[in-house]
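*Asks:* Contents are mmCIF, C-alpha atoms; file name protein_25.cif:
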```
data_final
loop_
_atom_site.label_atom_id
_atom_site.label_comp_id
_atom_site.auth_asym_id
_atom_site.auth_seq_id
_atom_site.Cartn_x
_atom_site.Cartn_y
_atom_site.Cartn_z
CA MET W 1 0.00 0.00 0.00
CA PHE W 2 2.51 2.63 1.12
CA SER W 3 5.27 0.67 -0.62
CA SER W 4 4.30 2.57 -3.79
CA LEU W 5 5.46 5.75 -2.07
CA PRO W 6 8.98 6.77 -3.20
CA PHE W 7 11.47 5.61 -0.58
CA GLY W 8 8.57 3.88 1.21
CA PHE W 9 10.70 0.97 2.36
CA LEU W 10 13.28 3.42 3.66
CA PHE W 11 10.64 4.96 5.94
CA ILE W 12 9.55 1.50 7.12
CA PHE W 13 13.11 0.44 7.92
CA THR W 14 13.73 3.78 9.66
CA MET W 15 10.68 3.22 11.84
CA ILE W 16 11.76 -0.34 12.70
CA PHE W 17 15.35 0.76 13.37
CA GLY W 18 14.17 3.52 15.72
CA THR W 19 12.16 1.08 17.81
CA LEU W 20 14.98 -1.47 18.00
CA PHE W 21 17.53 1.24 18.81
CA SER W 22 15.32 2.57 21.60
CA ILE W 23 14.63 -0.75 23.34
CA SER W 24 18.27 -1.86 23.10
CA SER W 25 19.70 1.34 24.58
CA SER W 26 20.67 1.63 28.24
CA HIS W 27 21.05 5.41 27.99
CA TRP W 28 18.13 7.83 28.27
CA LEU W 29 19.47 9.97 25.44
CA GLY W 30 19.70 6.87 23.27
CA ILE W 31 16.15 5.91 24.18
CA TRP W 32 14.92 9.39 23.28
CA ALA W 33 16.87 9.37 19.99
CA GLY W 34 15.43 5.97 19.03
CA LEU W 35 11.87 7.15 19.65
CA GLU W 36 12.50 10.24 17.53
CA ILE W 37 13.94 8.14 14.69
CA ASN W 38 10.84 5.97 14.88
CA LEU W 39 8.66 9.10 14.66
CA ILE W 40 10.60 10.40 11.64
CA GLY W 41 10.04 7.09 9.84
CA PHE W 42 6.34 6.85 10.71
CA LEU W 43 5.17 10.39 9.89
CA PRO W 44 5.73 10.13 6.08
CA ILE W 45 3.71 6.90 6.10
CA LEU W 46 0.79 8.78 7.67
CA VAL W 47 0.64 11.51 5.02
CA TYR W 48 1.51 9.64 1.82
CA GLN W 49 -1.97 10.13 0.27
CA LYS W 50 -2.06 13.85 1.15
CA SER W 51 -5.75 13.76 2.05
CA MET W 52 -7.17 16.25 4.52
CA SER W 53 -8.05 13.66 7.18
CA GLU W 54 -4.63 12.02 7.03
CA SER W 55 -2.84 15.35 7.27
CA GLU W 56 -4.94 16.31 10.28
CA SER W 57 -4.22 12.96 11.98
CA ALA W 58 -0.50 13.29 11.21
CA VAL W 59 -0.33 16.77 12.76
CA LYS W 60 -2.17 15.57 15.89
CA TYR W 61 0.12 12.57 16.14
CA PHE W 62 3.25 14.71 15.75
CA ILE W 63 2.15 17.18 18.46
CA VAL W 64 1.32 14.41 20.92
CA GLN W 65 4.58 12.56 20.25
CA ALA W 66 6.52 15.81 20.71
CA LEU W 67 4.78 16.27 24.07
CA GLY W 68 5.67 12.72 25.08
CA SER W 69 9.30 13.24 24.07
CA SER W 70 9.43 16.47 26.06
CA LEU W 71 8.13 14.71 29.18
CA LEU W 72 10.64 11.92 28.64
CA MET W 73 13.53 14.37 28.41
CA PHE W 74 12.31 16.36 31.40
CA GLY W 75 12.04 13.21 33.50
CA SER W 76 15.48 11.99 32.48
CA LEU W 77 16.97 15.40 33.32
CA SER W 78 15.29 15.23 36.73
CA SER W 79 16.80 11.79 37.33
CA TYR W 80 20.20 13.10 36.22
CA SER W 81 19.98 15.84 38.84
CA VAL W 82 19.65 13.11 41.50
CA SER W 83 22.02 10.38 40.29
CA PHE W 84 24.32 12.36 37.92
CA SER W 85 23.94 9.56 35.41
CA TRP W 86 21.98 9.08 32.20
CA GLU W 87 22.20 5.30 32.43
CA ASN W 88 18.99 3.27 32.56
CA VAL W 89 20.29 0.61 34.97
CA MET W 90 19.04 -0.88 38.22
CA GLU W 91 21.72 0.81 40.34
CA THR W 92 20.56 4.27 39.30
CA GLU W 93 18.77 6.24 42.00
CA PHE W 94 15.44 7.63 40.86
CA SER W 95 13.16 10.13 42.52
CA VAL W 96 9.41 9.53 42.52
CA PHE W 97 8.88 12.75 40.58
CA ALA W 98 11.29 11.77 37.78
CA LEU W 99 9.80 8.28 37.61
CA LEU W 100 6.25 9.64 37.21
CA ILE W 101 7.30 12.17 34.56
CA ILE W 102 9.07 9.52 32.48
CA MET W 103 6.09 7.21 32.90
CA SER W 104 3.76 10.02 31.77
CA GLY W 105 5.84 10.57 28.63
CA LEU W 106 5.76 6.87 27.73
CA ILE W 107 2.02 6.42 28.26
CA THR W 108 1.40 9.64 26.28
CA LYS W 109 3.24 8.10 23.35
CA MET W 110 1.17 4.91 23.64
CA GLY W 111 -2.21 6.57 24.13
CA MET W 112 -3.02 5.08 27.51
CA PHE W 113 -5.25 6.53 30.23
CA PRO W 114 -5.16 9.36 31.33
CA PHE W 115 -3.39 10.56 28.13
CA HIS W 116 -5.62 8.62 25.74
CA TYR W 117 -7.53 11.58 24.28
CA TRP W 118 -5.63 11.71 20.97
CA LEU W 119 -5.74 8.07 19.84
CA PRO W 120 -9.39 7.73 18.60
CA SER W 121 -9.29 11.00 16.63
CA VAL W 122 -5.94 10.13 15.06
CA MET W 123 -6.96 6.60 14.06
CA ALA W 124 -10.30 7.80 12.68
CA GLY W 125 -8.55 9.67 9.86
CA LEU W 126 -5.94 7.07 8.86
CA PRO W 127 -6.05 4.22 6.30
CA TRP W 128 -6.10 0.65 7.52
CA ILE W 129 -2.40 -0.12 7.19
CA SER W 130 -1.38 3.01 9.09
CA CYS W 131 -3.95 2.18 11.78
CA MET W 132 -2.48 -1.31 12.03
CA VAL W 133 1.06 0.01 12.52
CA LEU W 134 -0.15 2.58 15.08
CA ALA W 135 -2.08 -0.04 17.06
CA THR W 136 0.66 -2.69 17.06
CA TRP W 137 4.27 -1.77 16.31
CA GLN W 138 4.20 1.69 17.87
CA LYS W 139 3.33 0.23 21.27
CA ILE W 140 6.29 -2.15 21.52
CA ALA W 141 8.99 0.34 22.52
CA PRO W 142 7.00 2.23 25.22
CA LEU W 143 5.83 -1.01 26.83
CA LEU W 144 9.34 -2.44 27.06
CA LEU W 145 10.66 0.88 28.38
CA ILE W 146 7.98 0.85 31.09
CA ASN W 147 9.27 -2.61 31.98
CA SER W 148 12.75 -1.10 32.44
CA LEU W 149 11.20 1.40 34.87
CA PHE W 150 9.77 -1.49 36.87
CA GLU W 151 13.23 -3.00 37.10
CA LEU W 152 14.75 0.28 38.29
CA ASN W 153 12.85 0.71 41.52
CA LEU W 154 9.92 -1.44 42.57
CA MET W 155 8.19 1.06 44.85
CA TYR W 156 4.74 0.11 46.12
CA PHE W 157 3.43 3.65 45.57
CA PHE W 158 4.60 3.64 41.96
CA MET W 159 3.09 0.21 41.31
CA MET W 160 -0.24 1.34 42.73
CA ILE W 161 -0.31 4.33 40.37
CA VAL W 162 0.53 2.09 37.41
CA CYS W 163 -2.26 -0.35 38.30
CA LEU W 164 -4.72 2.55 38.70
CA MET W 165 -3.81 3.83 35.22
CA ALA W 166 -4.16 0.31 33.83
CA SER W 167 -7.63 -0.18 35.33
CA GLY W 168 -8.68 3.31 34.20
CA SER W 169 -7.50 2.54 30.69
CA SER W 170 -9.64 -0.60 30.59
CA ILE W 171 -12.70 1.32 31.81
CA VAL W 172 -12.18 4.13 29.27
CA GLY W 173 -11.74 1.57 26.49
CA GLY W 174 -15.05 -0.03 27.44
CA ILE W 175 -17.09 3.15 27.94
CA GLY W 176 -15.67 5.02 24.94
CA GLY W 177 -16.58 2.35 22.42
CA ILE W 178 -20.22 1.93 23.46
CA ASN W 179 -21.60 4.85 21.40
CA GLN W 180 -19.24 4.37 18.44
CA THR W 181 -20.19 2.96 15.05
CA GLN W 182 -16.95 3.70 13.19
CA ILE W 183 -14.72 0.64 13.05
CA ARG W 184 -11.54 2.71 13.41
CA ALA W 185 -12.84 4.45 16.54
CA ILE W 186 -13.96 1.13 18.03
CA LEU W 187 -10.55 -0.40 17.39
CA ALA W 188 -8.88 2.67 18.91
CA TYR W 189 -10.87 2.36 22.14
CA SER W 190 -10.23 -1.36 22.10
CA SER W 191 -6.51 -0.61 21.85
CA ILE W 192 -6.77 1.69 24.89
CA GLY W 193 -8.49 -1.06 26.86
CA HIS W 194 -5.91 -3.67 25.87
CA LEU W 195 -3.11 -1.33 26.91
CA GLY W 196 -4.51 -1.43 30.43
CA TRP W 197 -4.33 -5.22 30.42
CA MET W 198 -0.78 -5.17 29.03
CA VAL W 199 0.52 -2.75 31.65
CA PHE W 200 -1.17 -4.72 34.45
CA ALA W 201 0.37 -7.91 33.02
CA LEU W 202 3.71 -6.10 33.04
CA SER W 203 3.35 -5.52 36.78
CA GLN W 204 3.06 -9.31 37.19
CA GLY W 205 5.97 -10.19 34.91
CA VAL W 206 7.40 -9.38 31.52
CA TRP W 207 6.50 -12.83 30.18
CA ALA W 208 2.76 -12.20 30.70
CA MET W 209 2.98 -8.86 28.88
CA LYS W 210 4.90 -10.34 25.94
CA MET W 211 2.38 -13.15 25.56
CA TYR W 212 -0.57 -10.73 25.74
CA LEU W 213 1.09 -8.34 23.28
CA SER W 214 1.88 -11.16 20.84
CA ILE W 215 -1.72 -12.40 20.82
CA TYR W 216 -3.07 -8.86 20.51
CA ILE W 217 -0.77 -8.12 17.56
CA LEU W 218 -1.76 -11.40 15.88
CA ILE W 219 -5.50 -10.70 16.19
CA SER W 220 -5.04 -7.06 15.12
CA LEU W 221 -3.12 -8.12 12.01
CA CYS W 222 -5.98 -10.45 11.07
CA ILE W 223 -8.60 -7.71 11.53
CA PHE W 224 -6.78 -4.80 9.85
CA LEU W 225 -5.45 -6.80 6.90
CA ASN W 226 -8.86 -8.33 6.20
CA LEU W 227 -10.62 -4.97 6.40
CA TRP W 228 -8.04 -3.57 4.01
CA ARG W 229 -8.35 -6.66 1.80
CA VAL W 230 -12.10 -6.25 1.27
CA ASN W 231 -11.53 -2.59 0.34
CA LEU W 232 -13.47 -0.90 3.12
CA ASN W 233 -11.43 2.31 3.19
CA MET W 234 -14.51 4.47 2.67
CA MET W 235 -16.66 2.53 5.13
CA LYS W 236 -18.33 4.82 7.64
CA ASN W 237 -19.85 2.30 10.04
CA LEU W 238 -20.25 -1.39 10.70
CA ASN W 239 -23.68 -1.60 9.10
CA THR W 240 -22.20 -1.09 5.64
CA LEU W 241 -20.02 -4.16 6.21
CA MET W 242 -23.05 -6.20 5.25
CA SER W 243 -22.80 -4.88 1.70
CA SER W 244 -19.49 -6.70 1.33
CA SER W 245 -20.63 -10.31 1.88
CA THR W 246 -22.21 -12.34 4.62
CA TYR W 247 -19.14 -14.53 5.07
CA ASN W 248 -16.79 -11.55 5.35
CA SER W 249 -19.01 -9.71 7.81
CA ASN W 250 -19.40 -12.84 9.96
CA ALA W 251 -15.65 -13.46 9.94
CA VAL W 252 -14.82 -9.85 10.86
CA MET W 253 -17.33 -9.84 13.72
CA VAL W 254 -15.92 -13.12 15.09
CA MET W 255 -12.42 -11.63 15.00
CA LEU W 256 -13.70 -8.50 16.77
CA MET W 257 -15.23 -10.65 19.49
CA SER W 258 -11.93 -12.50 19.78
CA LEU W 259 -10.27 -9.12 20.27
CA GLY W 260 -12.80 -8.45 23.04
CA GLY W 261 -11.86 -11.69 24.80
CA LEU W 262 -14.93 -13.87 24.23
CA PRO W 263 -14.25 -17.54 25.10
CA PRO W 264 -13.25 -19.87 23.52
CA LEU W 265 -11.61 -17.55 20.98
CA LEU W 266 -7.91 -16.71 20.86
CA GLY W 267 -8.24 -13.33 22.60
CA PHE W 268 -9.63 -15.05 25.70
CA ILE W 269 -6.35 -16.91 26.27
CA SER W 270 -4.33 -13.77 26.98
CA LYS W 271 -6.88 -12.41 29.45
CA TRP W 272 -7.15 -15.79 31.12
CA SER W 273 -3.39 -16.01 31.69
CA VAL W 274 -3.26 -12.46 33.12
CA ILE W 275 -6.14 -13.26 35.51
CA VAL W 276 -4.44 -16.47 36.66
CA MET W 277 -1.20 -14.60 37.36
CA GLY W 278 -2.84 -11.53 38.89
CA ILE W 279 -5.20 -13.34 41.25
CA ASN W 280 -2.24 -14.42 43.41
CA SER W 281 -0.62 -10.96 43.62
CA VAL W 282 -1.21 -8.10 46.05
CA PHE W 283 -2.84 -6.09 43.25
CA TRP W 284 -5.62 -8.62 42.58
CA SER W 285 -8.34 -6.07 43.39
CA PHE W 286 -7.58 -4.16 40.18
CA LEU W 287 -8.70 -7.18 38.19
CA PHE W 288 -12.33 -6.23 38.86
CA MET W 289 -11.84 -2.92 37.01
CA LEU W 290 -10.04 -4.64 34.16
CA LEU W 291 -12.78 -7.25 33.85
CA LEU W 292 -15.48 -4.56 33.96
CA GLY W 293 -13.90 -2.72 31.04
CA SER W 294 -13.51 -5.98 29.11
CA VAL W 295 -17.16 -6.90 29.70
CA MET W 296 -18.26 -3.47 28.43
CA SER W 297 -16.19 -3.90 25.28
CA LEU W 298 -17.73 -7.33 24.74
CA PHE W 299 -21.17 -5.76 25.26
CA TYR W 300 -20.82 -3.35 22.35
CA TYR W 301 -19.24 -5.99 20.12
CA LEU W 302 -22.13 -8.36 20.76
CA SER W 303 -24.74 -5.61 20.45
CA LEU W 304 -23.30 -4.61 17.08
CA TYR W 305 -23.33 -8.23 16.01
CA PHE W 306 -26.98 -8.69 16.98
CA CYS W 307 -28.04 -5.36 15.46
CA ILE W 308 -26.40 -6.18 12.15
CA PHE W 309 -27.44 -9.80 11.73
CA LEU W 310 -30.62 -10.27 13.75
CA GLY W 311 -32.00 -6.95 12.54
CA SER W 312 -31.44 -7.75 8.87
CA SER W 313 -34.15 -9.07 6.64
CA LYS W 314 -34.35 -12.72 5.70
CA LYS W 315 -34.06 -11.81 2.04
CA PHE W 316 -30.46 -10.79 2.55
CA PHE W 317 -29.47 -14.19 3.90
CA LEU W 318 -31.49 -16.04 1.27
CA ASN W 319 -29.79 -14.10 -1.52
CA LYS W 320 -26.98 -16.33 -2.78
CA SER W 321 -25.13 -13.40 -4.34
CA ASN W 322 -24.21 -12.19 -0.86
CA TRP W 323 -22.43 -15.46 -0.03
CA VAL W 324 -19.36 -14.92 -2.15
CA LYS W 325 -16.44 -17.32 -2.24
CA PRO W 326 -14.33 -16.74 0.90
CA ASN W 327 -10.80 -15.49 0.39
CA PHE W 328 -7.74 -17.07 1.97
CA PHE W 329 -6.88 -14.21 4.34
CA MET W 330 -10.38 -14.08 5.81
CA SER W 331 -10.53 -17.84 6.27
CA PHE W 332 -7.05 -17.93 7.82
CA GLY W 333 -7.90 -15.18 10.31
CA LEU W 334 -11.18 -16.86 11.25
CA ALA W 335 -9.55 -20.27 11.71
CA LEU W 336 -6.67 -18.80 13.70
CA ASN W 337 -8.96 -17.10 16.19
CA VAL W 338 -11.39 -19.99 16.61
CA VAL W 339 -9.19 -23.10 16.31
CA GLY W 340 -6.18 -21.48 18.00
CA GLY W 341 -8.23 -20.47 21.02
CA ILE W 342 -9.81 -23.91 21.41
CA ILE W 343 -6.44 -25.68 21.11
CA LEU W 344 -4.80 -23.42 23.71
CA ILE W 345 -7.70 -23.84 26.13
CA LEU W 346 -7.59 -27.64 25.79
CA THR W 347 -3.81 -27.56 26.23
CA GLY W 348 -4.15 -25.53 29.44
CA VAL W 349 -6.83 -27.86 30.81
CA LEU W 350 -4.74 -30.95 30.06
CA MET W 351 -1.68 -29.40 31.73
CA GLU W 352 -3.73 -28.69 34.85
CA ILE W 353 -4.88 -32.30 34.93
#
```
Since I need it in another form, could you write the structure as structure tokens?
*Replies:*
Amino acid sequence: MFSSLPFGFLFIFTMIFGTLFSISSSHWLGIWAGLEINLIGFLPILVYQKSMSESESAVKYFIVQALGSSLLMFGSLSSYSVSFSWENVMETEFSVFALLIIMSGLITKMGMFPFHYWLPSVMAGLPWISCMVLATWQKIAPLLLINSLFELNLMYFFMMIVCLMASGSSIVGGIGGINQTQIRAILAYSSIGHLGWMVFALSQGVWAMKMYLSIYILISLCIFLNLWRVNLNMMKNLNTLMSSSTYNSNAVMVMLMSLGGLPPLLGFISKWSVIVMGINSVFWSFLFMLLLGSVMSLFYYLSLYFCIFLGSSKKFFLNKSNWVKPNFFMSFGLALNVVGGIILILTGVLMEI
């Protein structure tokens, strides 16, 4: 899609290099430089079509990322005033103020509560591929950098604030998507909710976060690539998905419910593992807020599903022209979410036995 842009692959490799440079650096200046390189590579991808909505989203994204970088630099300077070191290592002494400022900069870059305000409006004006990159790859570096903050100084006060932001992010993701009909806005609020689960999983261990992030990226790739595949760039709401085909609309809705965590689909496995790990920790009470946000997101996914399919006329389902031959990508995504979830659940049950 954006590979047709001159030097498009150069921008992609610059974005990937920036993320890898940032997460592999032990120096706060190196981390900041890697995030800026990633931003330089991603911005041309946002504006390659030069449409008004994409330009507006790119400007919003640039301003928010500049704010996040400023907070990151301010926090690192505050830590330097205490420890006289730029190194991001466990022996470095951190003040609570510097830790919170750096954390604020990282969650601003991700779009997590309470700095989530920009993500739905930015994603609403972007094409599907850019939305996919924003919802998946752009979250890897900030999440792993937050993990490095956990390793620096495990203060109970700091962990409580992180868990509060995680639970608030899940609630905002559930409430914000209830009145939405745009698929991009729904996926943006879903991304905010999943960020809460990832950060809470990170407080339990980096393995839980990596597993949750991997499953989330896998499901998101299936959804975004299939929506792009069926050429729904001009689609305004989910109701017009029915004009594509019955098989495609069913498959997309099943993948959306997998993203919401409906058992026995693949998205349920990640939430299940986080609940199992979090129920034995001192922060188990925050699981109620996370589950409440997840239930609200499942509510609007299921309500959309019932409104679209149960509210449609029988003539639509009896019309054979609507049941087109399924494509490979849609079938692969559907099978991955359904069969993969069932296999992992059975594997977990057998291991418990």
*Asks:* Find the distance between CA of Val133 (chain W) and CA of Ser26 (chain W) and write it in Å to one decimal.
*Replies:*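 Going from CA of Val133 (chain W) over to CA of Ser26 (chain W) covers 25.2 Å.
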*Asks:* Find the residue from W:Tyr305, W:Leu149, W:Val64, W:Met132 that sits nearest to Ala98 (chain W); use only C-alpha atoms when measuring.
*Replies:*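 Between W:Tyr305, W:Leu149, W:Val64, W:Met132, the residue approaching Ala98 (chain W) most closely is W:Leu149.
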*Asks:* So how far away is CA of Lys271 (chain W) from CA of Val122 (chain W), in Å?
*Replies:*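 Separation between CA of Val122 (chain W) and CA of Lys271 (chain W): 26.8 Å.
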*Asks:* Kindly give the distance, in Å, that separates CA of Asn337 (chain W) and CA of Leu265 (chain W), rounded to a single decimal.
*Replies:*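 Taking CA of Asn337 (chain W) and CA of Leu265 (chain W), their separation equals 5.5 Å.
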*Asks:* Run through the PyMOL selection byres ((chain W and resi 33) around 12) on the given coordinates and return the selected residues as a list in words.
*Replies:*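 When the PyMOL selection byres ((chain W and resi 33) around 12) is applied to the shown file, the picked residues are Met15, Phe17, Gly18, Thr19, Leu20, Phe21, Ser22, Ile23, Ser24, Ser25, Ser26, His27, Trp28, Leu29, Gly30, Ile31, Trp32, Gly34, Leu35, Glu36, Ile37, Asn38, Leu39, Ile40, Ser69, Ser70, Leu72 and Met73 of chain W.
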*Asks:* Quick one: write out the picked residues with C-alpha atoms as a compact mmCIF listing (two decimals), keeping the file's coordinate frame?
*Replies:*
```txt
# COMPACT_ATOMS: atom_id res chain seq x y z
CA MET W 15 10.68 3.22 11.84
CA PHE W 17 15.35 0.76 13.37
CA GLY W 18 14.17 3.52 15.72
CA THR W 19 12.16 1.08 17.81
CA LEU W 20 14.98 -1.47 18.00
CA PHE W 21 17.53 1.24 18.81
CA SER W 22 15.32 2.57 21.60
CA ILE W 23 14.63 -0.75 23.34
CA SER W 24 18.27 -1.86 23.10
CA SER W 25 19.70 1.34 24.58
CA SER W 26 20.67 1.63 28.24
CA HIS W 27 21.05 5.41 27.99
CA TRP W 28 18.13 7.83 28.27
CA LEU W 29 19.47 9.97 25.44
CA GLY W 30 19.70 6.87 23.27
CA ILE W 31 16.15 5.91 24.18
CA TRP W 32 14.92 9.39 23.28
CA GLY W 34 15.43 5.97 19.03
CA LEU W 35 11.87 7.15 19.65
CA GLU W 36 12.50 10.24 17.53
CA ILE W 37 13.94 8.14 14.69
CA ASN W 38 10.84 5.97 14.88
CA LEU W 39 8.66 9.10 14.66
CA ILE W 40 10.60 10.40 11.64
CA SER W 69 9.30 13.24 24.07
CA SER W 70 9.43 16.47 26.06
CA LEU W 72 10.64 11.92 28.64
CA MET W 73 13.53 14.37 28.41
```
*Asks:* Which protein, DNA or RNA residues are at most 12 Å from (2.5, -0.2, 44.1) in the file's coordinates when you count all atoms listed in the file, listed as a PDB file with C-alpha atoms, in the coordinates of the input?
*Replies:*
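Final output, saved to result_26.pdb:
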```
ATOM      1  CA  PHE W 150       9.770  -1.490  36.870  1.00  0.00           C
ATOM      2  CA  ASN W 153      12.850   0.710  41.520  1.00  0.00           C
ATOM      3  CA  LEU W 154       9.920  -1.440  42.570  1.00  0.00           C
ATOM      4  CA  MET W 155       8.190   1.060  44.850  1.00  0.00           C
ATOM      5  CA  TYR W 156       4.740   0.110  46.120  1.00  0.00           C
ATOM      6  CA  PHE W 157       3.430   3.650  45.570  1.00  0.00           C
ATOM      7  CA  PHE W 158       4.600   3.640  41.960  1.00  0.00           C
ATOM      8  CA  MET W 159       3.090   0.210  41.310  1.00  0.00           C
ATOM      9  CA  MET W 160      -0.240   1.340  42.730  1.00  0.00           C
ATOM     10  CA  ILE W 161      -0.310   4.330  40.370  1.00  0.00           C
ATOM     11  CA  VAL W 162       0.530   2.090  37.410  1.00  0.00           C
ATOM     12  CA  CYS W 163      -2.260  -0.350  38.300  1.00  0.00           C
ATOM     13  CA  LEU W 164      -4.720   2.550  38.700  1.00  0.00           C
ATOM     14  CA  MET W 165      -3.810   3.830  35.220  1.00  0.00           C
ATOM     15  CA  PHE W 200      -1.170  -4.720  34.450  1.00  0.00           C
ATOM     16  CA  SER W 203       3.350  -5.520  36.780  1.00  0.00           C
ATOM     17  CA  GLN W 204       3.060  -9.310  37.190  1.00  0.00           C
ATOM     18  CA  SER W 281      -0.620 -10.960  43.620  1.00  0.00           C
ATOM     19  CA  VAL W 282      -1.210  -8.100  46.050  1.00  0.00           C
ATOM     20  CA  PHE W 283      -2.840  -6.090  43.250  1.00  0.00           C
ATOM     21  CA  TRP W 284      -5.620  -8.620  42.580  1.00  0.00           C
ATOM     22  CA  PHE W 286      -7.580  -4.160  40.180  1.00  0.00           C
TER      23      PHE W 286
END
```
